[in-house]
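Chemist: Input file: query_5.txt. Contents: compact mmCIF, C-alpha atoms and all ligand atoms.
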# COMPACT_ATOMS: atom_id res chain seq x y z
CA MET A 1 -11.56 -14.73 -13.78
CA ILE A 2 -11.26 -11.71 -16.03
CA THR A 3 -13.49 -8.83 -14.92
CA ALA A 4 -14.50 -5.51 -16.46
CA ASN A 5 -13.93 -2.15 -14.73
CA SER A 6 -16.96 -0.38 -16.15
CA LYS A 7 -18.88 -0.37 -12.84
CA LYS A 8 -15.96 0.59 -10.60
CA THR A 9 -15.54 4.01 -8.98
CA VAL A 10 -12.25 5.78 -9.62
CA MET A 11 -10.50 6.57 -6.34
CA ILE A 12 -7.09 7.76 -7.49
CA GLU A 13 -6.15 9.08 -10.90
CA ALA A 14 -2.63 9.80 -12.10
CA VAL A 15 -2.19 12.01 -15.14
CA ASP A 16 1.17 12.19 -16.90
CA LEU A 17 2.95 11.50 -13.64
CA CYS A 18 6.71 12.04 -13.73
CA LYS A 19 9.40 11.80 -11.09
CA SER A 20 13.02 12.47 -11.93
CA TYR A 21 16.19 12.66 -9.93
CA SER A 22 19.39 14.49 -10.79
CA THR A 23 22.27 12.06 -10.88
CA GLY A 24 25.30 14.24 -11.59
CA SER A 25 24.81 15.82 -14.98
CA GLU A 26 21.96 13.47 -15.96
CA GLN A 27 18.30 13.20 -15.08
CA PHE A 28 17.04 9.79 -14.02
CA HIS A 29 13.33 9.19 -14.61
CA ALA A 30 11.92 6.93 -11.88
CA ALA A 31 8.35 7.54 -13.13
CA LYS A 32 7.70 8.46 -16.74
CA ASN A 33 4.36 9.84 -17.94
CA VAL A 34 2.27 7.44 -15.91
CA ASN A 35 -1.46 7.56 -16.61
CA LEU A 36 -3.42 5.32 -14.30
CA GLU A 37 -6.73 4.91 -12.51
CA LEU A 38 -7.11 3.04 -9.23
CA TYR A 39 -10.57 1.90 -8.15
CA LYS A 40 -12.46 1.95 -4.87
CA GLY A 41 -12.63 -1.43 -3.18
CA ASP A 42 -9.88 -2.98 -5.28
CA PHE A 43 -6.89 -4.88 -3.98
CA THR A 44 -4.41 -3.36 -6.41
CA VAL A 45 -0.94 -4.85 -6.57
CA ILE A 46 2.02 -3.09 -8.17
CA MET A 47 4.70 -5.48 -9.39
CA GLY A 48 7.94 -5.15 -11.31
CA SER A 49 11.61 -5.96 -11.04
CA SER A 50 13.94 -4.29 -8.56
CA GLY A 51 14.46 -0.63 -9.46
CA SER A 52 11.52 -0.57 -11.90
CA GLY A 53 9.81 2.22 -9.94
CA LYS A 54 7.19 0.43 -7.81
CA SER A 55 7.84 2.28 -4.56
CA THR A 56 8.24 5.57 -6.40
CA LEU A 57 4.79 5.10 -7.93
CA LEU A 58 3.26 4.14 -4.57
CA TYR A 59 4.71 7.22 -2.89
CA LEU A 60 3.51 9.51 -5.66
CA LEU A 61 -0.01 8.03 -5.73
CA SER A 62 -0.31 8.34 -1.94
CA GLY A 63 0.89 11.93 -1.72
CA LEU A 64 3.94 10.92 0.34
CA ASP A 65 6.34 12.20 -2.29
CA SER A 66 6.32 15.24 -4.56
CA LEU A 67 5.91 14.95 -8.33
CA SER A 68 8.32 16.38 -10.88
CA SER A 69 5.34 16.96 -13.17
CA GLY A 70 1.82 15.67 -13.80
CA LYS A 71 -1.17 15.47 -11.51
CA VAL A 72 -2.64 13.12 -8.90
CA TYR A 73 -6.34 13.21 -8.07
CA PHE A 74 -7.91 11.57 -5.03
CA LYS A 75 -11.68 11.23 -5.49
CA GLY A 76 -11.50 14.04 -8.05
CA GLN A 77 -9.45 16.41 -5.86
CA GLN A 78 -5.98 17.32 -7.02
CA ILE A 79 -3.67 16.42 -4.13
CA ASP A 80 -0.33 17.45 -5.61
CA GLY A 81 -1.29 21.11 -5.18
CA TYR A 82 -2.25 20.68 -1.52
CA SER A 83 -0.85 23.05 1.10
CA GLU A 84 1.26 21.62 3.94
CA LYS A 85 -1.81 21.53 6.20
CA GLU A 86 -4.03 19.91 3.57
CA ILE A 87 -1.49 17.19 2.83
CA THR A 88 -1.03 16.50 6.56
CA ASP A 89 -4.82 16.18 6.97
CA PHE A 90 -4.99 13.96 3.89
CA ARG A 91 -2.26 11.62 5.16
CA SER A 92 -3.76 11.47 8.60
CA ASN A 93 -7.42 10.94 7.63
CA LYS A 94 -7.67 9.51 4.13
CA ILE A 95 -4.81 7.05 3.82
CA GLY A 96 -3.05 4.46 5.92
CA TYR A 97 0.48 3.30 5.24
CA VAL A 98 2.19 -0.02 5.96
CA TYR A 99 5.94 -0.33 5.38
CA GLN A 100 8.26 -3.28 4.91
CA SER A 101 10.39 -1.89 7.75
CA ILE A 102 7.26 -1.70 9.97
CA ASN A 103 8.42 1.56 11.66
CA LEU A 104 6.65 1.30 15.00
CA ILE A 105 7.75 3.78 17.67
CA PRO A 106 10.14 1.67 19.80
CA ASP A 107 9.31 3.31 23.16
CA PHE A 108 5.54 3.00 22.70
CA SER A 109 3.57 -0.15 23.52
CA LEU A 110 1.63 -1.77 20.67
CA PHE A 111 -1.52 -0.13 22.07
CA GLU A 112 0.11 3.32 22.06
CA ASN A 113 1.52 2.81 18.57
CA VAL A 114 -1.92 1.94 17.19
CA ALA A 115 -3.65 4.74 19.11
CA PHE A 116 -1.17 7.49 18.26
CA PRO A 117 -2.46 8.51 14.78
CA GLY A 118 -5.93 8.77 16.33
CA TYR A 119 -4.65 11.60 18.55
CA VAL A 120 -2.86 13.22 15.60
CA ALA A 121 -6.20 13.22 13.76
CA GLY A 122 -7.86 14.92 16.75
CA ARG A 123 -10.14 12.09 17.90
CA GLY A 124 -11.33 11.87 21.50
CA LYS A 125 -9.67 9.54 24.02
CA ASN A 126 -12.68 7.22 24.50
CA GLU A 127 -13.17 6.76 20.77
CA ILE A 128 -9.45 6.09 20.27
CA ASN A 129 -9.36 3.54 23.09
CA MET A 130 -12.38 1.74 21.67
CA ARG A 131 -11.01 1.72 18.12
CA THR A 132 -7.57 0.58 19.28
CA THR A 133 -8.98 -2.24 21.42
CA ASN A 134 -11.15 -3.46 18.52
CA LEU A 135 -8.27 -3.32 16.04
CA LEU A 136 -5.88 -5.17 18.36
CA LYS A 137 -8.55 -7.87 18.74
CA MET A 138 -9.12 -8.02 15.01
CA MET A 139 -5.36 -8.47 14.48
CA ASP A 140 -5.25 -11.07 17.27
CA ILE A 141 -2.63 -9.18 19.27
CA GLU A 142 -4.76 -7.92 22.16
CA LEU A 143 -2.72 -10.03 24.61
CA GLN A 144 0.44 -8.22 23.47
CA ALA A 145 -1.15 -4.73 23.73
CA ASP A 146 1.12 -3.53 26.55
CA ARG A 147 4.37 -4.88 25.12
CA LEU A 148 6.97 -2.83 23.30
CA PRO A 149 7.60 -3.68 19.62
CA SER A 150 10.93 -5.27 20.61
CA GLN A 151 9.03 -7.70 22.84
CA VAL A 152 6.87 -9.23 20.08
CA SER A 153 7.53 -11.10 16.81
CA GLY A 154 7.99 -9.38 13.44
CA GLY A 155 4.59 -10.65 12.32
CA GLN A 156 2.93 -9.26 15.45
CA GLN A 157 4.68 -5.94 14.87
CA GLN A 158 3.38 -5.86 11.31
CA ARG A 159 -0.15 -6.67 12.54
CA ALA A 160 0.14 -3.70 14.90
CA ALA A 161 1.33 -1.59 11.95
CA ILE A 162 -1.77 -2.59 9.97
CA ALA A 163 -3.97 -1.75 12.98
CA ARG A 164 -2.22 1.61 13.19
CA ALA A 165 -2.87 2.21 9.49
CA LEU A 166 -6.58 1.44 10.04
CA ILE A 167 -7.15 3.55 13.18
CA ASN A 168 -8.57 6.57 11.31
CA SER A 169 -10.70 4.43 8.93
CA PRO A 170 -8.69 5.41 5.85
CA GLU A 171 -10.21 5.25 2.41
CA VAL A 172 -7.17 3.41 1.13
CA ILE A 173 -4.28 1.46 2.62
CA PHE A 174 -0.92 1.70 0.84
CA ALA A 175 1.46 -1.13 1.64
CA ASP A 176 5.07 -1.25 0.46
CA GLU A 177 6.34 -4.87 0.56
CA PRO A 178 4.48 -5.49 3.85
CA THR A 179 5.63 -9.12 3.97
CA GLY A 180 9.19 -8.47 2.78
CA ALA A 181 10.81 -8.71 6.21
CA LEU A 182 8.71 -11.64 7.48
CA SER A 183 8.90 -15.42 7.38
CA GLN A 184 6.61 -17.12 4.87
CA GLU A 185 4.24 -18.16 7.65
CA GLN A 186 4.03 -14.67 9.16
CA GLY A 187 3.76 -13.17 5.67
CA THR A 188 0.78 -15.38 4.87
CA ILE A 189 -0.97 -14.20 8.05
CA ILE A 190 -0.43 -10.57 6.98
CA LEU A 191 -1.72 -11.30 3.45
CA ASP A 192 -4.76 -13.07 4.94
CA ILE A 193 -5.50 -9.98 7.06
CA LEU A 194 -5.15 -7.66 4.08
CA THR A 195 -7.38 -9.96 2.00
CA GLU A 196 -9.99 -10.09 4.77
CA ILE A 197 -10.18 -6.31 5.16
CA ASN A 198 -10.28 -5.91 1.37
CA HIS A 199 -13.22 -8.32 1.21
CA LYS A 200 -14.92 -5.97 3.70
CA ALA A 201 -14.51 -3.16 1.12
CA GLN A 202 -11.17 -1.67 2.23
CA SER A 203 -9.27 -0.37 -0.80
CA ILE A 204 -5.64 -1.54 -0.80
CA VAL A 205 -2.66 -0.70 -2.99
CA MET A 206 0.31 -2.98 -2.33
CA VAL A 207 3.78 -3.20 -3.81
CA THR A 208 5.37 -6.63 -3.99
CA HIS A 209 7.81 -8.60 -6.11
CA ASP A 210 6.43 -11.92 -4.86
CA ILE A 211 3.97 -13.73 -7.18
CA LYS A 212 2.29 -15.51 -4.25
CA ALA A 213 1.60 -12.15 -2.58
CA ALA A 214 0.44 -10.74 -5.92
CA CYS A 215 -2.19 -13.50 -6.10
CA ARG A 216 -4.19 -11.51 -3.53
CA ALA A 217 -4.77 -8.79 -6.15
CA ASP A 218 -7.90 -8.24 -8.15
CA ARG A 219 -5.91 -5.82 -10.29
CA LEU A 220 -2.24 -6.19 -11.04
CA ILE A 221 -0.18 -3.33 -12.41
CA LEU A 222 3.17 -4.19 -13.90
CA VAL A 223 5.82 -1.47 -13.82
CA LYS A 224 8.92 -1.42 -15.99
CA ASP A 225 11.47 1.39 -16.27
CA GLY A 226 9.15 3.84 -14.53
CA GLN A 227 6.24 3.13 -16.88
CA ILE A 228 3.12 0.97 -16.81
CA ASP A 229 3.98 -2.17 -18.76
CA GLY A 230 0.59 -3.85 -18.44
CA ILE A 231 -2.49 -4.33 -16.28
CA LEU A 232 -4.07 -7.67 -15.43
CA GLU A 233 -7.65 -7.82 -14.13
CA LEU A 234 -8.47 -10.72 -11.83
CA SER A 235 -11.47 -11.87 -9.79
CA LYS A 236 -11.50 -11.40 -6.00
CA TYR A 237 -9.04 -13.78 -4.33
CA SER A 238 -10.12 -17.06 -2.91
CA PRO A 239 -7.62 -19.67 -1.66
CA GLU A 240 -8.98 -22.41 -3.96
CA ASP A 241 -7.96 -20.30 -6.98
CA MET A 242 -4.38 -19.87 -5.81
CA LYS A 243 -2.74 -22.17 -8.34
CA ALA A 244 -4.79 -20.85 -11.27
CA ARG A 245 -4.04 -17.24 -10.26
CA GLU A 246 -0.34 -17.96 -9.91
CA ASN A 247 -0.35 -19.45 -13.43
CA GLN A 248 -2.33 -16.52 -14.82
CA ILE A 249 0.05 -13.97 -13.29
CA PHE A 250 3.08 -15.96 -14.38
CA LEU A 251 1.78 -16.11 -17.97
CA PHE A 252 0.95 -12.40 -17.94
CA MET A 253 4.44 -11.50 -16.73
CA SER A 254 6.18 -13.92 -19.11
CA GLY A 255 4.21 -12.42 -21.97
CA LYS A 256 5.69 -9.06 -21.06
CA GLY A 257 9.19 -10.51 -21.36
N1 LIG B 301 16.58 9.66 -4.26
C1 LIG B 301 16.92 9.05 -5.39
N2 LIG B 301 17.89 9.52 -6.19
C2 LIG B 301 18.21 8.94 -7.36
N3 LIG B 301 17.57 7.81 -7.84
C3 LIG B 301 16.61 7.28 -7.07
C4 LIG B 301 16.22 7.86 -5.83
N4 LIG B 301 15.20 7.11 -5.32
C5 LIG B 301 14.99 6.12 -6.20
N5 LIG B 301 15.84 6.23 -7.25
C6 LIG B 301 15.91 5.32 -8.40
O1 LIG B 301 14.62 5.24 -8.98
C7 LIG B 301 14.40 3.91 -9.47
C8 LIG B 301 13.11 3.41 -8.92
O2 LIG B 301 13.25 3.23 -7.51
P1 LIG B 301 12.13 2.48 -6.67
O3 LIG B 301 12.57 2.46 -5.25
O4 LIG B 301 10.83 3.10 -6.98
O5 LIG B 301 12.18 1.02 -7.30
P2 LIG B 301 11.45 -0.31 -6.84
O6 LIG B 301 10.86 -0.93 -8.06
O7 LIG B 301 10.55 -0.04 -5.69
O8 LIG B 301 12.72 -1.17 -6.37
P3 LIG B 301 12.89 -2.33 -5.27
O9 LIG B 301 12.01 -3.47 -5.68
O10 LIG B 301 14.34 -2.68 -5.38
O11 LIG B 301 12.52 -1.73 -3.94
C9 LIG B 301 15.61 3.08 -9.06
O12 LIG B 301 16.47 2.94 -10.17
C10 LIG B 301 16.27 3.91 -7.98
O13 LIG B 301 17.66 3.71 -7.95
Just dump the structure as structure tokens.

Modeler:
Amino acid sequence: MITANSKKTVMIEAVDLCKSYSTGSEQFHAAKNVNLELYKGDFTVIMGSSGSGKSTLLYLLSGLDSLSSGKVYFKGQQIDGYSEKEITDFRSNKIGYVYQSINLIPDFSLFENVAFPGYVAGRGKNEINMRTTNLLKMMDIELQADRLPSQVSGGQQQRAAIARALINSPEVIFADEPTGALSQEQGTIILDILTEINHKAQSIVMVTHDIKAACRADRLILVKDGQIDGILELSKYSPEDMKARENQIFLFMSGKG
């Protein structure tokens, strides 16, 4: 189950990444000198206890938040120095984001929600319609295409959010607790979708605190007090391995105390 990284292509590199907040007279360090490489095609999972800095790290690696110091490279290009326009282009074309809170536009139908970032990225109407239709089919929500988010289940909303994240064929999907607000059944459907697109070469970086969700990883990064506490390399997920993976992750985390 253990694999080597020697043949993998680095997609994102963090160098001495720091993020601090002023809390009164003190500085709180949510990310402390993080050095990390993320690889193309991986399903990377970031785990750690509440407040350990998982979301902070995700936001810094995806260019959604500013660093206090350090550098982030995306395919060798330093993104923390990007201008406003460059970072907007980067967010719109290179990455897709899926949130625990789903964040669909309430007055837009599922179709319009999925299509919208296509317009922001400057694609043509026909291409956007074709992409949106295909993604809604892939997510098995084409029958709900004309409904508002409030008229479908949480799991269907999250499937629309994944479709929206995929509309501009991003190089990497960042997902922050994407199953956190869903029932176990709906959560499993979302994890199955993420696993399926990862097996088709989509790079994914997902934050979770749930070991079952973490089993989908082929690389698990454990965060503690804003630092990397350990990295576990796994094989690609297959359902038959579930129990063995759960044990392996449990042992890895217990070993970290
Ligand atoms: N704007 C802020 N100001 C001050 N401290 C903050 C701010 N945002 C986050 N923090 C602190 O940084 C630390 C890391 O937060 P972060 O949200 O990254 O943790 P997390 O591991 O994702 O937590 P959870 O699992 O509970 O979502 C926490 O202690 C949090 O309180």

Chemist: What does the distance between CA of Tyr99 (chain A) and CA of Ala175 (chain A) come to in Å, to one decimal place?

Modeler: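 These atoms are spaced 5.9 Å apart.
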
Chemist: So which one's closest to ligand LIG 301 (chain B), A:Asn33, A:Ser183, A:Asn103, A:Gln227? Using all atoms listed in the file, please.

Modeler: A:Gln227

Chemist: Given a cut-off of 9 Å, what residues near ligand LIG 301 (chain B) show up using all atoms listed in the file, put as an NGL selection string?

Modeler: :A and (19-23 or 27-31 or 47-59 or 176-177 or 207-209 or 223-226)

Chemist: How would the residues just picked look written out with C-alpha atoms as a PDB file, keeping the file's coordinate frame?

Modeler:
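What follows is the written file result.pdb:
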ATOM      1  CA  LYS A  19       9.400  11.800 -11.090  1.00  0.00           C
ATOM      2  CA  SER A  20      13.020  12.470 -11.930  1.00  0.00           C
ATOM      3  CA  TYR A  21      16.190  12.660  -9.930  1.00  0.00           C
ATOM      4  CA  SER A  22      19.390  14.490 -10.790  1.00  0.00           C
ATOM      5  CA  THR A  23      22.270  12.060 -10.880  1.00  0.00           C
ATOM      6  CA  GLN A  27      18.300  13.200 -15.080  1.00  0.00           C
ATOM      7  CA  PHE A  28      17.040   9.790 -14.020  1.00  0.00           C
ATOM      8  CA  HIS A  29      13.330   9.190 -14.610  1.00  0.00           C
ATOM      9  CA  ALA A  30      11.920   6.930 -11.880  1.00  0.00           C
ATOM     10  CA  ALA A  31       8.350   7.540 -13.130  1.00  0.00           C
ATOM     11  CA  MET A  47       4.700  -5.480  -9.390  1.00  0.00           C
ATOM     12  CA  GLY A  48       7.940  -5.150 -11.310  1.00  0.00           C
ATOM     13  CA  SER A  49      11.610  -5.960 -11.040  1.00  0.00           C
ATOM     14  CA  SER A  50      13.940  -4.290  -8.560  1.00  0.00           C
ATOM     15  CA  GLY A  51      14.460  -0.630  -9.460  1.00  0.00           C
ATOM     16  CA  SER A  52      11.520  -0.570 -11.900  1.00  0.00           C
ATOM     17  CA  GLY A  53       9.810   2.220  -9.940  1.00  0.00           C
ATOM     18  CA  LYS A  54       7.190   0.430  -7.810  1.00  0.00           C
ATOM     19  CA  SER A  55       7.840   2.280  -4.560  1.00  0.00           C
ATOM     20  CA  THR A  56       8.240   5.570  -6.400  1.00  0.00           C
ATOM     21  CA  LEU A  57       4.790   5.100  -7.930  1.00  0.00           C
ATOM     22  CA  LEU A  58       3.260   4.140  -4.570  1.00  0.00           C
ATOM     23  CA  TYR A  59       4.710   7.220  -2.890  1.00  0.00           C
ATOM     24  CA  ASP A 176       5.070  -1.250   0.460  1.00  0.00           C
ATOM     25  CA  GLU A 177       6.340  -4.870   0.560  1.00  0.00           C
ATOM     26  CA  VAL A 207       3.780  -3.200  -3.810  1.00  0.00           C
ATOM     27  CA  THR A 208       5.370  -6.630  -3.990  1.00  0.00           C
ATOM     28  CA  HIS A 209       7.810  -8.600  -6.110  1.00  0.00           C
ATOM     29  CA  VAL A 223       5.820  -1.470 -13.820  1.00  0.00           C
ATOM     30  CA  LYS A 224       8.920  -1.420 -15.990  1.00  0.00           C
ATOM     31  CA  ASP A 225      11.470   1.390 -16.270  1.00  0.00           C
ATOM     32  CA  GLY A 226       9.150   3.840 -14.530  1.00  0.00           C
TER      33      GLY A 226
END

Chemist: So, counting all atoms listed in the file, which residue among A:Glu185, A:Asp146, A:Asp89, A:Asp241 is closest to Phe111 (chain A)?

Modeler: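 Nearest candidate to Phe111 (chain A) out of A:Glu185, A:Asp146, A:Asp89, A:Asp241: A:Asp146.
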
Chemist: Could you check how far CA of Asn129 (chain A) sits from CA of Gln158 (chain A), in Å to one decimal?

Modeler: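 A separation of 19.7 Å between them.
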
Chemist: For a test of reading the model, state the distance in Å between CA of Leu234 (chain A) and CA of Arg219 (chain A), rounded to one decimal.

Modeler: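 CA of Leu234 (chain A) sits 5.7 Å away from CA of Arg219 (chain A).
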
Chemist: As a count of residues only, please: the residues near Thr44 (chain A) (cut-off 9 Å, all atoms listed in the file, same-chain neighbours under 5 positions excluded).

Modeler: 14

Chemist: For a quick check of understanding, using only C-alpha atoms, which of A:Gly230, A:Gly155, A:Gly96, A:Gly24 has the smallest distance to Met139 (chain A)?

Modeler: A:Gly155

Chemist: For Ser235 (chain A), which of A:Cys215, A:Ile189, A:Val10, A:Ala163 is the closest residue, counting only C-alpha atoms?

Modeler: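 Nearest candidate to Ser235 (chain A) out of A:Cys215, A:Ile189, A:Val10, A:Ala163: A:Cys215.
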
Chemist: For Arg164 (chain A), please output as a ChimeraX atom specification all residues within 8 Å (counting only C-alpha atoms; exclusion window: fewer than 2 positions along the same chain).

Modeler: /A:96,113-117,160-162,166-167

Chemist: Between A:Leu110, A:Asn247, A:Arg131, A:Asn168, single out the one closest to Leu143 (chain A), counting all atoms listed in the file.

Modeler: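 Of all the options, A:Leu110 lies closest to Leu143 (chain A).
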
Chemist: Considering all atoms listed in the file, state which residue in the set A:Ile190, A:Ile141, A:Leu136, A:Val34 is at the smallest distance from Ala213 (chain A).

Modeler: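 For Ala213 (chain A), the nearest of the candidates is A:Ile190.
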
Chemist: Please provide the set of residues having any atom within 6 Å of region 68-81 of chain A, restricted to all atoms listed in the file, with same-chain residues fewer than 4 positions apart removed, written as a PyMOL selection string.

Modeler: chain A and resi 11-19

Chemist: Write the residues you've just listed into a file as a PDB file, keeping the file's coordinate frame, and include C-alpha atoms for each of them.

Modeler:
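New file out-v1.pdb:
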ATOM      1  CA  MET A  11     -10.500   6.570  -6.340  1.00  0.00           C
ATOM      2  CA  ILE A  12      -7.090   7.760  -7.490  1.00  0.00           C
ATOM      3  CA  GLU A  13      -6.150   9.080 -10.900  1.00  0.00           C
ATOM      4  CA  ALA A  14      -2.630   9.800 -12.100  1.00  0.00           C
ATOM      5  CA  VAL A  15      -2.190  12.010 -15.140  1.00  0.00           C
ATOM      6  CA  ASP A  16       1.170  12.190 -16.900  1.00  0.00           C
ATOM      7  CA  LEU A  17       2.950  11.500 -13.640  1.00  0.00           C
ATOM      8  CA  CYS A  18       6.710  12.040 -13.730  1.00  0.00           C
ATOM      9  CA  LYS A  19       9.400  11.800 -11.090  1.00  0.00           C
TER      10      LYS A  19
END
